[in-house]
Amino acid sequence: MKELLTRNECSAMRGIAILAIMLHNYCHWLRGIVRENEYTWQLSKADQLWQYILNPDEQLPLHLVSFFGHYGVPVFLFLSGFGLVKKYEQGKLPEVGLWRFVRYNYLKLFRIFIVGFVIFTMLDAFTPGMHRYTWTAVVAILGMFANLLEDPSHVVWPGPFWYFSITLQLYIFYRLICYRWRHWGVVIGMIALCWLWQLSCQDDAVLLERLRYNLIGGMLPFGMGILMARFIPTLGTKNSSTSEAAKPSAHVGNKTFPRWEQILALLLAVVLIVVLSFSFQGWLWVPALIVVGTIALVKLMPEWMLKYSVWLGSISAAIFVTHPLVRKIFVRPYLYDDLYAGLLLYIVATLFLSWLMKKVIDQLPSPKL
């Protein structure tokens with residue numbers, strides 16, 4: 001019997017997700033590049049992307065990353081749900097009270113968040129396009145409840161830091177509901193409720209945006225993580241010695257599916273992600289396909305690629321809080337031309353500074369559970 005996802009595979013998924021997020025958050029600022037459907041849905045954006053696909057040029061990779069890169073977030077939410085079950089239900093920890101649980105996870109997130117936030121706000125104050133915070137916004141951002149405020153897209157700055165708020169919300173939901181009642185119907189019911197709530201907002205973009213900034217928008221991948229950790233904890237075959245010989249795996253020793261199933265899952269996920277992006281109802285289910293496709297991708301990776309993805313995953317938290325401040329420096333001079341030069345400088349600087357940032361974060365006191 002083998003685990004559905006090993007530690008290395010989870011880290012590789014983080015690496016893929018943070019790379020997508022990092023590239024997306026740069027590319028969607030560039031002039032002439034198609035924008036994403038993340039918090040709201042507009043068919044015109046999907047149609048615009050399709051035209052670029054039918055008439056490709058040298059900027060097509062930028063369009064694709066800009067449009068799809070934000071889907072790295074559902075991968076992180078999936079891994080959060082998956083990891084919570086592994087740690088608090090299948091690990092050796094005794095039952096943890098609500099206050100201790102929330103305090104520990106808030107401080108764990110804050111330890112990562114505060115370094116990037118302080119450096120960004122100091123840099124922002126001395127560079128063009130400074131963002132002026134209100135005192136309520138600062139308190140809400142530091143308290144990780146800014147997503148609950150009205151018009152959250154103009155409250156949370158830098159924008160990617162909205163992730164800390166939705167993550168804390170999902171952690172609290174897990175401890176209040178999923179940790180106590182572990183029947184699969186609880187999670188499925190919540191996913192269905194959140195889907196129906198979003199479905200009812202097709203003509204109300206303002207409300208839809210607020211929902212998707214918060215727990216409602218992240219429940220699908222988060223719930224998938226919980227369910228897969230609980231009910232698909234291991235995969236294997238009877239008489240493994242004969243089945244291994246009959247069905248070669250993608251990587252001997254750490255893979256759970258034969259290669260053809262992984263390839264089929266990846267191809268189907270990619271096709272459906274593109275197709276469903278042209279429908280509001282289908283778009284709501286794209287995060288589930290993103291998770292499936294990412295799992296298949298890490299299981300198909302050659303060892304050398306997996307190794308680099310695992311390394312990216314190991315510094316993913318540092319990349320997350322570092323890339324907004326690097327973007328602030330490089331994106332403005334390269335908004336209109338030399339797009340790939342600016343992107344390359346951004347990638348190199350982000351990875352190097354993130355490696356340094358991780359050393360800083362590692363020096364901060366770790367919270368105790």
# chains A, B, ... in the order shown; residues from 1 in each chain; ligands from 1

$ residues_around --residues "stretch 141-150 of chain A" --least-positions-apart "4" --cutoff "6 Å" --atoms "only C-alpha atoms" --output "MDAnalysis selection string"
chainID A and resid 137 165 213

$ residues_around --residues "A:Tyr171" --least-positions-apart "6" --cutoff "12 Å" --atoms "only C-alpha atoms" --output "number ranges by chain"
A: 77-85, 88, 98-99, 101-106, 108-109, 164-165, 177-179, 215, 218-219, 222-223, 226

$ write_last_selection --atoms "C-alpha atoms" --output "short mmCIF file (atom, residue, chain, number, x, y, z; two decimals), in the first residue's frame"
data_model
loop_
_atom_site.label_atom_id
_atom_site.label_comp_id
_atom_site.auth_asym_id
_atom_site.auth_seq_id
_atom_site.Cartn_x
_atom_site.Cartn_y
_atom_site.Cartn_z
CA LEU A 77 -6.36 25.24 -0.29
CA PHE A 78 -6.57 21.55 -1.21
CA LEU A 79 -3.24 20.89 0.49
CA SER A 80 -4.43 22.80 3.58
CA GLY A 81 -7.46 20.54 3.95
CA PHE A 82 -5.37 17.46 3.19
CA GLY A 83 -2.71 18.46 5.72
CA LEU A 84 -5.17 19.28 8.51
CA VAL A 85 -6.63 15.77 8.36
CA TYR A 88 -5.04 16.44 13.56
CA LEU A 98 -10.59 25.64 19.64
CA TRP A 99 -8.65 28.55 21.17
CA PHE A 101 -6.00 25.64 17.47
CA VAL A 102 -6.91 29.13 16.22
CA ARG A 103 -4.07 30.80 18.13
CA TYR A 104 -1.49 28.35 16.80
CA ASN A 105 -2.59 28.59 13.18
CA TYR A 106 -2.99 32.38 13.27
CA LYS A 108 1.87 30.24 12.10
CA LEU A 109 0.42 32.33 9.27
CA PHE A 164 -4.05 34.58 4.61
CA SER A 165 -7.58 35.61 5.52
CA ILE A 177 -17.34 21.66 11.97
CA CYS A 178 -15.22 19.10 10.13
CA TYR A 179 -13.07 18.10 13.11
CA LEU A 215 -14.68 30.74 2.74
CA GLY A 218 -12.53 28.17 -1.33
CA MET A 219 -14.69 25.36 0.04
CA PHE A 222 -10.47 22.62 0.67
CA GLY A 223 -13.23 20.05 1.04
CA ILE A 226 -10.33 16.74 3.58
#

$ residues_around --residues "A:Val291" --least-positions-apart "3" --cutoff "6 Å" --atoms "only C-alpha atoms" --output "mmCIF file with N, CA, C and O atoms, in the first residue's frame"
data_model
loop_
_atom_site.group_PDB
_atom_site.id
_atom_site.type_symbol
_atom_site.label_atom_id
_atom_site.label_comp_id
_atom_site.auth_asym_id
_atom_site.auth_seq_id
_atom_site.Cartn_x
_atom_site.Cartn_y
_atom_site.Cartn_z
ATOM 1 N N VAL A 75 -4.963 24.882 -5.323
ATOM 2 C CA VAL A 75 -4.036 23.798 -4.979
ATOM 3 C C VAL A 75 -3.571 23.955 -3.534
ATOM 4 O O VAL A 75 -3.517 22.982 -2.771
ATOM 5 N N ALA A 288 -11.683 22.058 -8.947
ATOM 6 C CA ALA A 288 -11.586 20.608 -8.707
ATOM 7 C C ALA A 288 -10.719 19.951 -9.768
ATOM 8 O O ALA A 288 -9.897 19.069 -9.465
ATOM 9 N N THR A 294 -3.152 18.683 -11.204
ATOM 10 C CA THR A 294 -1.871 18.898 -10.524
ATOM 11 C C THR A 294 -1.360 17.622 -9.884
ATOM 12 O O THR A 294 -0.156 17.327 -9.916
#

$ closest_atom_pairs --of "stretch 10-61 of chain A" --to "stretch 346-363 of chain A" --cutoff "12 Å" --atoms "only C-alpha atoms" --output "CSV"
residue,atom,partner,partner_atom,distance
A:Gly15,CA,A:Leu351,CA,11.7
A:Ile18,CA,A:Leu351,CA,11.1
A:Leu19,CA,A:Ile347,CA,9.3
A:Ala20,CA,A:Ile347,CA,11.6
A:Ile21,CA,A:Ile347,CA,11.9
A:Met22,CA,A:Ile347,CA,8.3
A:Leu23,CA,A:Ile347,CA,8.0
A:His24,CA,A:Ile347,CA,11.6
A:Asn25,CA,A:Tyr346,CA,11.0
A:Tyr26,CA,A:Tyr346,CA,8.2
A:Cys27,CA,A:Tyr346,CA,10.5

$ residues_around --residues "A:Ile33" --least-positions-apart "5" --cutoff "8 Å" --atoms "only C-alpha atoms" --output "ChimeraX atom specification"
/A:27-28,59,62-63,66

$ write_last_selection --atoms "N, CA, C and O atoms" --output "short mmCIF file (atom, residue, chain, number, x, y, z; two decimals), in the first residue's frame"
data_model
loop_
_atom_site.label_atom_id
_atom_site.label_comp_id
_atom_site.auth_asym_id
_atom_site.auth_seq_id
_atom_site.Cartn_x
_atom_site.Cartn_y
_atom_site.Cartn_z
N CYS A 27 2.15 38.80 -14.75
CA CYS A 27 1.71 38.90 -16.14
C CYS A 27 0.38 39.62 -16.29
O CYS A 27 0.16 40.31 -17.29
N HIS A 28 -0.53 39.48 -15.32
CA HIS A 28 -1.84 40.11 -15.53
C HIS A 28 -1.81 41.63 -15.35
O HIS A 28 -2.82 42.29 -15.57
N GLN A 59 3.44 36.25 -27.43
CA GLN A 59 2.89 36.59 -26.12
C GLN A 59 1.89 35.56 -25.60
O GLN A 59 1.36 35.73 -24.50
N LEU A 62 2.29 34.37 -22.01
CA LEU A 62 1.90 35.39 -21.04
C LEU A 62 0.39 35.40 -20.86
O LEU A 62 -0.11 35.54 -19.72
N HIS A 63 -0.35 35.27 -21.96
CA HIS A 63 -1.81 35.22 -21.88
C HIS A 63 -2.26 34.01 -21.05
O HIS A 63 -3.15 34.13 -20.20
N SER A 66 -1.40 34.46 -17.35
CA SER A 66 -2.25 35.49 -16.76
C SER A 66 -3.65 34.96 -16.51
O SER A 66 -4.24 35.21 -15.45
#

$ select_by_dssp --residues "stretch 73-137 of chain A" --states "helix (DSSP H, G or I)" --output "VMD selection string"
chain A and resid 73 to 88 98 to 125 135 to 137

$ residues_around --residues "A:Leu123" --least-positions-apart "6" --cutoff "9 Å" --atoms "only C-alpha atoms" --output "PyMOL selection string"
chain A and resi 130+325+328-329

$ closest_residue --among "A:Leu369, A:Val96, A:Ile112, A:Leu30" --to "A:Val65" --atoms "only C-alpha atoms"
A:Leu30

$ closest_residue --among "A:Leu60, A:Val156, A:Leu220, A:Val326" --to "A:Phe120" --atoms "only C-alpha atoms"
A:Val326

$ closest_residue --among "A:Val292, A:Leu211, A:Val187, A:Leu364" --to "A:Pro74" --atoms "only C-alpha atoms"
A:Val292
